[in-house]
Amino acid sequence: MIEQNLILILIGLPFIAALITASLSVNSHTAAAWVSGLSMAGALAVLMALHDRIVTGEVLRVTIPWVPSIGMNLTFRLDGFSWLFVALVLAIAILVVIYASYYLSRSDPVPRFYSFLMAFTGAMVGMLISGNILMLVVFWELTSVISFLLIGYWHQGQAARDGARMALIVTAAGGVCLLFAMLVLGQIVGSYDLDRVLAAGDLVRGHRLYPLVLGLFLLGAFTKSAQFPFHFWLPGAMAAPTPVSAFLHSATMVKAGVFLLVRFFPVLGGTELWFYAVTGTGMATLLLGAMIALFRHDLKGLLAYSTISHLGLITALAGIGSEGAILAAIFHIMNHAVFKASLFMAAGIIDHETGTRDMRRLSGLIRFMPVTGTLAIVASAAMAGVPLLNGFLSKEMFFAEAVDWHNGTWLDDAMPYLATISSIFAVAYSLRFIHTVFFGPAPVDLPREPHEPSAWMRRPVELLVLVCLVVGILPALTLGPALNLAARAVLGPDLPYYDIAIWHGFNTPMIMSLLALAGGTVLYLVFAARIAEGPEGPPLLHRIRAQKIFERMLLALSWKWPRALHKLTGTERLQPQLTIIVVLAIVLTTATLWQTVQITDRPRSNPFNIAFALMWVVGAACAIGAAWQAKYHRFAAMMLLGGAGLVTCLTFAWASAPDLAVTQLLVEIVTTALLLLGLRWLPKRREEIADDKLLPARMRRMRDLGIAAIAGLGMAFLAYIIMTRPLIPNVGDWFLRNAYYEGGGTNVVNVILVDFRAFDTFGEITVLCIVGLTVFALLRRFRPASESRSSPDQQKDIHAANLRDYLVVPSVIMRWMFPVMIVISAYFFMRGHDLPGGGFSAGVTLAIAFLLQYMGHSVRWVEARLTVLPIRWMGVGLLIAGATGVGAFAFGYPFLTAHAQYVSVPLIGKVPAATAMLFDTGVFALVVGATVLMLIAIAHQSLRSARLREQEASEAAAEAASGPTEREAV
Amino acid sequence: MTAGLNHLIIAPILIPFFAGALMLLYDDRQRRTKLLISLGSALALLLTAIELLNRAKGSALSGGNDIGFYLLGDWAMPFGIVLVIDRLSAMMLVLTALLALPALVYAAAGWNRQGQHFHSMFQFLLMGLNGAFLTGDLFNLFVFFEVLLAASYGMLLHGSGQLRIRAGLHYIAVNLAASLLFLIGVSMIYGVTGTLNMAHLSNLVPLLPESERPLLHAAAVLMGLAFLIKAGIWPLSFWLSTAYMAAAAPVAAIFAIMTKVGVYVVLRLSMLMFGASAGASAGFGAYLLLGGGMATVIFGFIGVLASQGLGRMAAHLVLVSSGTLLSVTGFALMGGGSAMLGGALFYMLASTLATSALFLLIEPMSREEGGIAALLALTADAYGLDEKEEDSQPETGLAIPGTLTVLGLSFGICLLVLAGLPPLPGFIGKVAILRGVMASEALPAGLGWAFVALMLVSGLATLIGLVRIGIQTFWASDGVVPRVLALEIAPVLVLCAMIVLLSVRADDALRYMRATAEALYRPTIYAEGVLRAPRVVSSPTPAPAPSPPAKPAAQAPSSAAAPAPAPATPAPSAPNGEVQP
Amino acid sequence: MEIVLSTAIGILTASGVWLLLRPRTFQVIIGLCLLSYAVNIFIFSMGRLTPGAPPIMPKGGFINPAAYADPLPQALVLTAIVISFATTALFLVVMIASRGVTGTDHVDGKERDE
Amino acid sequence: MTAGTILIAALSYAQLMLALAACMAGWRTLRGPRAQDRVLGLDTLYVTTMLLFVVTGMRIGTPFFFEAAMVIGVLAFAATVALAKFLLRGEVIE
Amino acid sequence: MRRILPHPLLTAGLTLVWMLLTSFSLGHLLLGGMIAGLAGLAFARLEPVGPQLRSPWALVRLGAVVSVDIIRSNIAVARLILFGGDRHHRRRSGFVKIPLRLQDPMPLALLAMVITATPGTAWMEHDMDSGILLLHVFDMREEDDWQSQIRDRYESLLLEAFA
Amino acid sequence: MSTPLDTLPLWIAIPVALLLIIGSTLTMLGALGLVRLNSFYDRIHAPTLGTSWGTAGIMLASMLAYSWLDGRAILHELVIGSFVMITTPITLMLLSRAALHRDRMEGNPDVPPTSAPPED
Ligand code: NA
Ligand code: NA
């Protein structure tokens with residue numbers, strides 16, 4: 001129990017520290033460092049407390065349910081391997097915190113740095129001790145995201161931004177692959193629990209999806225561990241502050257990939273595929289990294305490529321996967337972390353104290369910073385694999401595996417040679433690092449005067465170098481047990497104890513080491529000068545800059561190609577969009593009906609009526625005419641549209657829908673007025689559009705004509721086959737039977753509208769209201785095109801003056817029609833429930849009455865006499881309709897339950913008094929309001945324009961009066 | 001929530017309706033009152049929706065009448081219109097309310113002054129959305145679609161300006177075409193099956209004679225096109241990015257739910273009509289949805305990569321999300337299982353919240369000197385001769401400290417969700433979907449793998465695109481920190497908090513979604529529940545019980561016209577048997 | 001008679017679709033109007049044609065539903081008419097607003113080659 | 001020769017005549033040549049349709065088309081007034 | 001009274017219209033009267049004072065005259081359209097200017113109705129200042145004196161009817 | 001098709017039929033004039049056939065028939081007829097005025113110059 005809590009503390013501490021530091025003020029540098037350092041120390045203490053249990057080979061587990069329904073739980077699992085790794089991470093974290101507190105400038109937002117750093121540590125620890133492979137991915141991705149923030153800490157620089165982005169993209173892409181792999185793995189194993197996955201190696205390797213899993217898994221691991229060809233992000237990430245590099249890019253994040261390789265070796269490893277892929281990649285990376293490192297002039301660049309190379313070495317070991325290899329891999333993970341962290345820190349000190357990291361400018365620094373220099377020399381020696389240092393030991397073990405382990409493949413045969421060659425380069429670049437920076441003449445023209453850093457900045461380096469020495473000399477006493485523990489945790493408890501000695505006799509690995517040392521020295525001595533003068537990178541190879549390639553690829557993949565593709569697969573123009581809709585509708589409907597649709601053998605049909613057919617001759621001619629004229633003769637098209645509408649109304653009447661005929665007619669009238677009001681603002685098309693006669697335009701028209709014809713045919717066909725089908729039993733019958741008894745009205749259509757399906761009407765009036773408001777709102781900010789701003793041509797002509805009284809006589813009749821229309825409106829309203837009519841018809845009628853007054857007079861004349869507050873009407877109408885509906889609540893009925901009754905009124909007799917009528921009142925008020933609002937809002941534009949013209953004219957006149965001289969000058 | 005009358009079900013429609021109507025009586029200058037009404041309504045909606053969700057949760061799979069229904073006008077099924085509340089619709093209601101409240105608060109920072117009657121229109125939009133989620137009647141669905149569309153036209157055009165008008169024109173034209181298709185489809189369904197009730201339809205589909213089936217499918221295709229246009233499926237989605245980009249920030253934030261309405265309807269109707277129990281029609285359209293959905297995801301992430309501005313990018317993210325959901329719907333029709341579908345619903349919740357937050361972030365993130373004041377000045381009405389525009393004063397609100405940090409944090413949260421990165425719910429949702437897809441035996445393996453790969457790639461593309469924009473905005477911009485009001489950032493933070501909450505309580509949410517998905521796989525629960533919905537008045541003859549005024553409509557005419565109405569009104573007592581072919 | 005009405009629907013649709021695909025806003029709005037005529041008649045025809053029998057009932061007595069036109073499609077068309085009226089008005093206003101701010105009546109707010 | 005036959009014949013004749021009238025009015029609307037001719041044509045089409053409503057109502061035997069006819073008779077002139085005014089002034093409402 | 005019922009004649013007429021449309025019953029008299037009253041009130045907002053009708057009898061006479069004229073000219077115009085005139089006479093149309101004495105818009109509107117309703121004559125334009133009416137005549141026969149016909153048959157009656 | 005009109009006695013049926021024939025024929029002739037006549041100013045006379053006796057004939061026929069059927073005076077149609085007569089002038093006046101205006105603006109010599117005194 002206590003262990004489980006301890007594990008939770010272990011993982012929780014860094015995150016808590018992150019939260020605390022994040023909430024510190026910008027300049028509380030020291031506090032942030034202390035919080036971070038103490039929390040790391042605390043975590044390390046916790047880890048140590050757990051050592052006793054770990055050492056017995058026990059695996060500690062704790063699970064907090066998070067999303068158990070998809071098997072994603074916060075399961076933590078601490079064994080020897082992860083224990084060792086966590087210890088490494090925490091220890092280096094402490095050192096980095098110390099180092100950073102001296103390294104970072106006062107002007108930096110330091111608490112944020114620590115916050116990120118702590119969060120990163122937490123994520124890293126989480127990844128290492130995750131007992132659930134999905135959670136492993138979660139933490140894995142978290143490390144990518146946070147490392148992005150850390151690399152971009154100095155985001156003012158372009159290099160930092162680019163480096164951060166590239167690192168994120170590469171590692172996150174790998175993470176996505178890893179997620180895919182884990183999902184499939186979980187699918188195969190039937191659980192995301194790491195224990196069960198680790199135990200299911202045979203099942204996984206035998207599964208047909210194994211290659212897929214392996215491929216995706218390796219993509220994840222290789223990207224994170226900067227393996228060839230995904231190595232290029234790491235040098236770019238060197239734009240990060242040095243503490244970040246020391247931590248992430250030597251000890252922790254980049255090791256996540258190799259950690260994963262080792263961890264999952266029991267599941268995925270041991271196959272030929274694994275060997276080729278992993279060892280092959282590892283060897284290539286090892287060699288390439290070492291070669292490139294030699295040619296880098298940037299200190300951190302050299303270290304970065306060196307890191308890549310060492311990661312390749314570890315990867316190669318994981319690929320071999322023998323007991324010794326795994327042990328060596330773990331050992332080298334540790335060793336590399338130690339010497340590389342110290343080297344990064346040293347490089348940081350040099351950068352910090354001299355102002356440059358360019359080895360061509362640095363020289364003879366041993367005189368100015370002897371301590372740092374010594375430390376760096378020791379650490380470099382470890383990196384080069386000089387005996388008595390830790391790097392030597394693990395490299396020897398690698399050589400031993402390369403030589404001793406066989407599986408009979410060509411890669412296996414080549415390994416010793418490749419290992420030696422890469423070692424030669426490693427020696428050479430280590431030598432270069434030391435020689436150029438610390439020896440030679442005193443540097444000239446450095447940005448800063450070099451000197452030793454503050455002692456505390458050096459302490460972490462000192463400690464690390466000490467570790468190099470101690471482990472290098474006394475491996476069995478120091479790291480030996482822990483390593484064995486870790487290897488056993490990976491490969492199983494039956495693993496025999498491996499003794500790590502510094503002397504194995506004068507064997508092949510030893511010869512290889514000596515060869516490398518000698519070869520490297522020679523190589524450096526011969527080529528030192530040329531390297532210094534050469535470009536950043538090995539000859540020939542430097543032209544292939546992976547980073548550049550990647551950047552170009554990224555640019556192409558994430559910008560150029562998508563843009564081109566997006567243009568190709570999308571459009572911003574309306575016509576293609578509408579064409580696609582129509583064509584898709586046609587194609588899909590046709591596909592559905594093709595060869596399946598049946599035309600009924602006993603079609604329903606009504607007798608042919610010549611008059612009706614003739615009316616449709618008119619209707620069709622009008623429709624086609626409207627289509628024909630709409631471009632150049634809008635006015636004509638409008639009238640033809642009216643003609644087609646009229647015949648439509650007649651059709652409704654003829655086919656027993658008097659309500660529809662009435663409503664459609666009323667709407668026709670208002671629509672005509674609306675369109676005309678709008679037409680005022682579409683200036684007449686004076687000339688034909690230039691392109692119209694050209695071939696492409698003609699082709700387009702032909703194509704559209706074809707589409708239109710097919711659409712028409714299709715609709716006609718659909719309508720015909722359904723119309724002629726026998727009538728199936730439908731819910732319509734019920735309405736006929738119940739309209740009178742249950743709905744209290746004889747006009748079934750109206751009863752449906754205000755009672756059976758009143759909810760539709762309720763929504764419909766809301767639509768009308770919204771549209772009214774939208775029209776109003778839009779027109780408030782309306783600006784006419786410049787050519788429509790002046791008064792229409794008809795009013796400009798000299799004859800126009802004679803038109804003064806043209807309305808005097810007509811307006812009399814129009815005025816007198818006003819009360820008549822009110823009565824007609826009332827008539828429509830009253831009879832709606834029993835006969836054609838209803839609130840909508842009444843409302844539109846009244847709106848037409850208003851419209852007529854506006855047309856017969858001027859806006860100002862009407863509005864001086866009639867106060868129409870359309871929006872008020874709309875609000876009241878909606879509220880009446882809604883309140884009627886809610887009224888039913890009082891009687892225990894649902895919304896819009898109507899209450900119909902015929903009430904006997906003295907003298908008058910029975911009158912229908914349905915609540916539906918009240919509802920209809922609401923509809924009426926709303927329709928009046930909305931229709932009038934729309935009409936008047938457009939009409940007001942003319943008034944506005946006229947006022948504006950007057951205003952401009954008076955301004956111009958005033959100007960003319962005040963400044964005649966200016967005018968003359970013009 | 002068993003049978004009976006429950007006005008709470010209609011509250012999500014009535015609350016915004018009355019709020020919107022009431023505000024029409026106020027002058028547009030009484031902003032404070034309007035804002036209060038509006039916020040009050042949104043809050044009430046949220047509470048109602050949560051209560052409905054709680055009730056829906058209680059009884060989703062108990063069998064039989066376990067959904068809530070509301071017979072409008074107390075008319076018997078399947079003749080009248082019914083509102084149906086089940087887990088899915090309750091969830092959509094909650095989501096709508098969750099988006100509405102922050103958007104409204106945000107709008108209070110000055111956006112509501114850019115045009116007329118913003119709040120009424122906003123409320124009507126909510127009414128339309130809620131109506132579309134609740135209704136159980138196809139034509140009523142059309143009506144509510146029109147309500148929400150009309151309101152969305154108004155909202156999109158809110159503030160006017162060239163970009164909005166151009167986008168609005170396209171948006172309206174495309175949606176009008178879609179509405180026409182919808183009408184054709186609905187009427188064909190009526191012509192072929194004789195009903196408009198979704199539950200009734202679900203029961204009729206398996207019984208349909210083979211001669212009528214192709215016509216039913218054709219109708220479904222036409223209607224489906226209309227919904228898919230709203231859902232933004234490729235290649236019917238080109239209107240979307242410009243429209244969303246052009247809309248004012250709070251408008252775009254609520255628009256985040258608009259594509260989901262299309263998805264919701266597609267999901268609802270296809271599961272009801274073409275689910276496993278649909279006989280010869282089972283699985284109709286599955287491949288179309290899957291193909292279209294995947295194409296949409298591809299187009300969406302290509303668009304994300306190709307976008308220069310955050311607005312357009314966010315709009316394409318909407319497409320990615322909606323394409324994912326459509327593909328999953330396709331899988332669901334193939335029998336993909338509730339694990340996958342439940343994951344998709346969870347993903348929908350997360351991605352909608354995140355896109356909404358992102359839309360709210362866009363403007364403050366890209367705001368230069370002056371902020372809203374400048375914006376208002378741009379749109380200020382040159383023709384406002386009639387009334388003085390006191391609108392142009394910028395809101396003097398509380399500017400928040402640490403602006404960039406807060407903005408960056410919020411942006412980061414949105415990014416993680418949309419790119420599907422852990423530990424936020426985007427990741428959880430994706431994992432749930434992918435797990436479900438991989439585990440499902442019913443799905444063609446190749447398609448499943450293609451989909452999984454597509455999901456992962458689209459997440460990566462999203463990451464790349466958003467990181468690019470984020471770096472540009474937060475890292476590469478040197479200069480003035482924008483002045484952002486607390487009123488603008490608080491809603492974003494609320495949305496982010498909800499996202500975080502969703503990831504903390506992911507298991508509860510996922511369980512809910514999975515149960516929802518299971519219910520969707522059993523359309524008979526829905527259909528039987530609705531069709532057995534009892535009226536308050538059990539029969540047209542007066543009830544002997546001393547109940548409140550029993551439906552007088554039934555008595556009055558019969559007392560007026562002496563003979564008993566018995567032969568004329570047999571229907572209401574037999575809602576089910578009578579109208580089946 | 002069905003053939004006449006189907007033809008009518010077809011011609012209205014074809015004219016409407018043709019206009020819908022044109023580049024000028026006014027053409028589009030006329031096209032939408034024509035299409036809504038077509039669709040309204042189409043909806044209406046889904047209840048089959050029953051000339052001479054409007055769904056207006058006697059006050060009481062036995063009713064033979066087969067003798068009357070189906071009222072439901074009519075109610076649907078009524079709603080559709082109102083809604084399409086509203087949206088036409090809206091489209092019109094957006095059209096003139098677009099003409100105002102962009103200076104062209106092209107649906108894209110700019111001429112094709114610009 | 002019953003009353004019914006006579007009436008049916010007369011009604012059919014009237015329908016036919018009115019439909020022909022509609023055709024001719026439609027032709028004028030389509031043909032123009034001037035805008036005023038079209039307006040005149042449309043106006044005639046309105047009146048013809050109105051009469052056709054009445055005649056068809058008689059033929060079918062229902063009085064329910066009366067409202068539609070009344071809409072044309074009492075309200076439809078508003079549309080033609082608007083058209084004419086547009087021709088005259090270039091705007092419908094000043 | 002004037003405030004409640006500003007246009008009694010109009011209200012009465014509209015009540016009649018209402019009853020024509022619905023039925024002649026007491027209930028509809030009341031309902032129609034109420035609605036017509038409201039309509040009258042609304043109309044009063046547009047036109048507070050109605051026309052001063054002096055002699056309704058003159059209007060009745062005018063109606064009779066016009067009815068006969070309409071029938072006659074219906075036949076005449078129909079024949080002209082069908083046969084384009086007779087042997088002795090080819091149809092010739094033209095404009096006629098008629099100076100009117102009427103000044104008030106209301107009687108002018110009535111005259112316009114009369115002229116329009118009579119096939120063969122069309123009201124073209126009327127200038128308020130000069131009082132000149134431009135008439136278009138479908139068939140100009142020499143023997144017809146349009147000026148006197150309009151002025152004596154119609155205008156004088158209208159002048160008589162209105163104050 | 002059987003309609004209630006079958007019950008009409010012959011002495012009502014014949015005038016109804018005659019009125020129908022007269023009304024529809026006149027309307028048709030009016031429309032014919034619209035097609036055949038050559039100038040707008042001639043054509044403007046044609047539709048008045050329909051709005052005067054064309055309408056009157058058909059409305060009277062309807063009134064007669066329905067009054068007989070209902071057993072009381074059905075005068076609905078009176079309303080339509082009179083309002084058609086009242087409203088037609090507005091349309092035609094405005095239309096002819098517009099035509100005149102347009103012709104004058106284009107300098108068409110066939111139309112008389114304005115009768116208004118020149119303004120100064
Ligand atoms: Na040097
Ligand atoms: Na005349």
# chains A, B, ... in the order shown; residues from 1 in each chain; ligands from 1
>>> interface_residues(of="chain F", to="chain E", cutoff="6 Å", atoms="only C-alpha atoms", output="PyMOL selection string")
chain F and resi 33+45+48+75-76+89+93+96-97+116
>>> write_last_selection(atoms="N, CA and C atoms", output="PDB file, in the first residue's frame")
ATOM      1  N   GLY F  33     -57.332  40.686 -78.812  1.00  0.00           N
ATOM      2  CA  GLY F  33     -56.922  42.039 -79.145  1.00  0.00           C
ATOM      3  C   GLY F  33     -55.513  42.320 -78.657  1.00  0.00           C
ATOM      4  N   HIS F  45     -56.701  48.974 -74.700  1.00  0.00           N
ATOM      5  CA  HIS F  45     -58.157  48.909 -74.669  1.00  0.00           C
ATOM      6  C   HIS F  45     -58.662  47.480 -74.550  1.00  0.00           C
ATOM      7  N   THR F  48     -59.928  45.603 -71.247  1.00  0.00           N
ATOM      8  CA  THR F  48     -61.134  46.095 -70.563  1.00  0.00           C
ATOM      9  C   THR F  48     -62.357  45.284 -70.941  1.00  0.00           C
ATOM     10  N   LEU F  75     -74.430  36.737 -53.259  1.00  0.00           N
ATOM     11  CA  LEU F  75     -73.956  37.927 -53.964  1.00  0.00           C
ATOM     12  C   LEU F  75     -72.455  38.153 -53.789  1.00  0.00           C
ATOM     13  N   HIS F  76     -71.776  37.108 -53.319  1.00  0.00           N
ATOM     14  CA  HIS F  76     -70.313  37.174 -53.223  1.00  0.00           C
ATOM     15  C   HIS F  76     -69.681  37.851 -54.411  1.00  0.00           C
ATOM     16  N   PRO F  89     -58.783  50.800 -63.152  1.00  0.00           N
ATOM     17  CA  PRO F  89     -58.266  52.095 -63.613  1.00  0.00           C
ATOM     18  C   PRO F  89     -56.874  52.417 -63.094  1.00  0.00           C
ATOM     19  N   MET F  93     -54.171  53.388 -65.688  1.00  0.00           N
ATOM     20  CA  MET F  93     -53.717  54.786 -65.689  1.00  0.00           C
ATOM     21  C   MET F  93     -52.213  54.864 -65.513  1.00  0.00           C
ATOM     22  N   SER F  96     -50.455  53.458 -68.647  1.00  0.00           N
ATOM     23  CA  SER F  96     -50.430  54.309 -69.832  1.00  0.00           C
ATOM     24  C   SER F  96     -49.562  55.532 -69.580  1.00  0.00           C
ATOM     25  N   ARG F  97     -49.604  56.000 -68.363  1.00  0.00           N
ATOM     26  CA  ARG F  97     -48.746  57.131 -68.034  1.00  0.00           C
ATOM     27  C   ARG F  97     -47.274  56.730 -68.213  1.00  0.00           C
ATOM     28  N   ALA F 116     -49.155  69.563 -70.117  1.00  0.00           N
ATOM     29  CA  ALA F 116     -48.884  70.521 -69.050  1.00  0.00           C
ATOM     30  C   ALA F 116     -48.228  71.762 -69.633  1.00  0.00           C
TER      31      ALA F 116
END
>>> residues_around(residues="Ser45 (chain C)", least_positions_apart="2", cutoff="12 Å", atoms="only C-alpha atoms", output="PyMOL selection string")
(chain A and resi 651-652+655-657+715-716+718-725+727) or (chain B and resi 184+187-188+190-192) or (chain C and resi 1-6+8-9+38-43+47-51+69-74+76-77)
>>> residues_around(residues="Thr25 (chain F)", least_positions_apart="2", cutoff="8 Å", atoms="only C-alpha atoms", output="PDB file with C-alpha atoms, in the first residue's frame")
ATOM      1  CA  ALA D  14     -65.845  28.933 -70.977  1.00  0.00           C
ATOM      2  CA  MET D  17     -62.024  30.253 -74.022  1.00  0.00           C
ATOM      3  CA  LEU D  18     -60.446  31.483 -70.835  1.00  0.00           C
TER       4      LEU D  18
ATOM      5  CA  ILE F  21     -70.420  32.007 -72.999  1.00  0.00           C
ATOM      6  CA  ILE F  22     -70.673  35.773 -73.356  1.00  0.00           C
ATOM      7  CA  GLY F  23     -68.267  36.429 -70.521  1.00  0.00           C
ATOM      8  CA  THR F  27     -62.510  37.844 -72.305  1.00  0.00           C
ATOM      9  CA  MET F  28     -61.032  35.746 -75.059  1.00  0.00           C
ATOM     10  CA  LEU F  29     -61.632  38.511 -77.572  1.00  0.00           C
ATOM     11  CA  GLY F  54     -66.095  39.448 -69.320  1.00  0.00           C
TER      12      GLY F  54
END
>>> closest_residue(among="D:Val81, D:Ala35, D:Val92, D:Ile8", to="chain F", atoms="only C-alpha atoms")
D:Val81
>>> atom_distance(atom1="CA of Ala43 (chain A)", atom2="CA of Leu10 (chain A)")
5.1 Å
>>> closest_residue(among="C:Asp105, C:Val28, C:Ala53, C:Met46", to="chain B", atoms="only C-alpha atoms")
C:Met46
>>> residues_around(residues="region 931-942 of chain A", least_positions_apart="5", cutoff="9 Å", atoms="only C-alpha atoms", output="PyMOL selection string")
(chain A and resi 670+673-674+677-678+680+768-769+771-773+775-776+779-780+782-784+789+791+843-844+846-848+850-851+854+859+868-871+926+947) or (chain C and resi 86+89-90+93) or (chain D and resi 91-94)
>>> residues_near_ligand(ligand="ligand 1", cutoff="8 Å", atoms="only C-alpha atoms and all ligand atoms", output="list in words")
Asp358, Met359, Arg360, Arg361, Leu362, Ser363, Gly364, His435, Thr436, Val437, Phe438, Phe439, Gly440, Pro443 and Ala532 of chain A
>>> write_last_selection(atoms="N, CA and C atoms", output="compact mmCIF listing (two decimals), in the first residue's frame")
# COMPACT_ATOMS: atom_id res chain seq x y z
N ASP A 358 31.17 28.47 -31.77
CA ASP A 358 31.84 28.11 -33.01
C ASP A 358 33.27 27.70 -32.72
N MET A 359 33.57 26.45 -33.03
CA MET A 359 34.89 25.94 -32.70
C MET A 359 36.00 26.63 -33.48
N ARG A 360 35.64 27.22 -34.61
CA ARG A 360 36.67 27.89 -35.40
C ARG A 360 37.10 29.19 -34.73
N ARG A 361 36.27 29.72 -33.89
CA ARG A 361 36.63 30.95 -33.19
C ARG A 361 37.23 30.65 -31.82
N LEU A 362 36.88 29.51 -31.27
CA LEU A 362 37.36 29.19 -29.93
C LEU A 362 38.76 28.57 -30.02
N SER A 363 39.54 28.84 -29.00
CA SER A 363 40.89 28.31 -29.00
C SER A 363 41.54 28.58 -27.65
N GLY A 364 42.37 27.65 -27.21
CA GLY A 364 43.22 27.87 -26.04
C GLY A 364 42.50 28.24 -24.77
N HIS A 435 40.75 19.55 -28.60
CA HIS A 435 41.93 20.24 -29.13
C HIS A 435 41.59 21.66 -29.57
N THR A 436 40.58 21.78 -30.35
CA THR A 436 40.32 23.12 -30.88
C THR A 436 39.85 24.08 -29.82
N VAL A 437 39.11 23.58 -28.85
CA VAL A 437 38.53 24.53 -27.89
C VAL A 437 39.55 24.91 -26.83
N PHE A 438 40.26 23.94 -26.34
CA PHE A 438 41.06 24.23 -25.16
C PHE A 438 42.53 24.47 -25.45
N PHE A 439 42.99 24.00 -26.58
CA PHE A 439 44.43 24.16 -26.85
C PHE A 439 44.65 25.10 -28.01
N GLY A 440 45.88 25.35 -28.25
CA GLY A 440 46.20 26.28 -29.33
C GLY A 440 46.34 27.69 -28.79
N PRO A 443 42.32 32.82 -27.90
CA PRO A 443 41.30 33.23 -28.86
C PRO A 443 41.32 34.73 -29.08
N ALA A 532 38.43 22.21 -40.37
CA ALA A 532 38.14 23.55 -39.87
C ALA A 532 37.77 24.50 -41.00
>>> interface_residues(of="chain A", to="chain E", cutoff="7 Å", atoms="only C-alpha atoms", output="list in words")
Asp805, Val808, Val809, Pro810, Val812, Ile813, Phe818, Pro819, Val820, Ile822, Val823, Arg865, Leu866, Leu907 and Ile908 of chain A
>>> write_last_selection(atoms="C-alpha atoms", output="compact mmCIF listing (two decimals), in the first residue's frame")
# COMPACT_ATOMS: atom_id res chain seq x y z
CA ASP A 805 -49.34 64.78 -60.20
CA VAL A 808 -53.12 62.20 -57.49
CA VAL A 809 -56.01 60.35 -59.07
CA PRO A 810 -54.78 56.75 -58.55
CA VAL A 812 -57.53 58.31 -54.22
CA ILE A 813 -58.60 54.84 -55.20
CA PHE A 818 -57.34 50.54 -47.60
CA PRO A 819 -60.45 50.02 -45.45
CA VAL A 820 -61.75 47.54 -47.99
CA ILE A 822 -58.92 45.59 -43.89
CA VAL A 823 -62.38 44.12 -44.17
CA ARG A 865 -50.40 59.28 -40.69
CA LEU A 866 -50.04 55.62 -39.87
CA LEU A 907 -78.69 37.24 -31.34
CA ILE A 908 -75.89 35.74 -33.37
>>> residues_around(residues="Met334 (chain B)", least_positions_apart="6", cutoff="9 Å", atoms="only C-alpha atoms", output="MDAnalysis selection string")
chainID B and resid 275:276 282:284 286:287 442:444
>>> residues_around(residues="region 251-254 of chain B", least_positions_apart="4", cutoff="8 Å", atoms="only C-alpha atoms", output="list in words")
Thr96, Leu99, Ala100, Ala103, Met155, Leu156, Tyr244, Met245, Ala247, Met258, Thr355, Ser356, Ala357, Leu358, Phe359 and Leu360 of chain B
>>> interface_residues(of="chain C", to="chain B", cutoff="7 Å", atoms="only C-alpha atoms", output="list of chain:residue names")
C:Val39, C:Ile43, C:Met46, C:Gly47, C:Gly60, C:Phe62, C:Ile63, C:Phe91, C:Val94, C:Met95, C:Ser98, C:Val101, C:Thr102, C:Asp108, C:Gly109
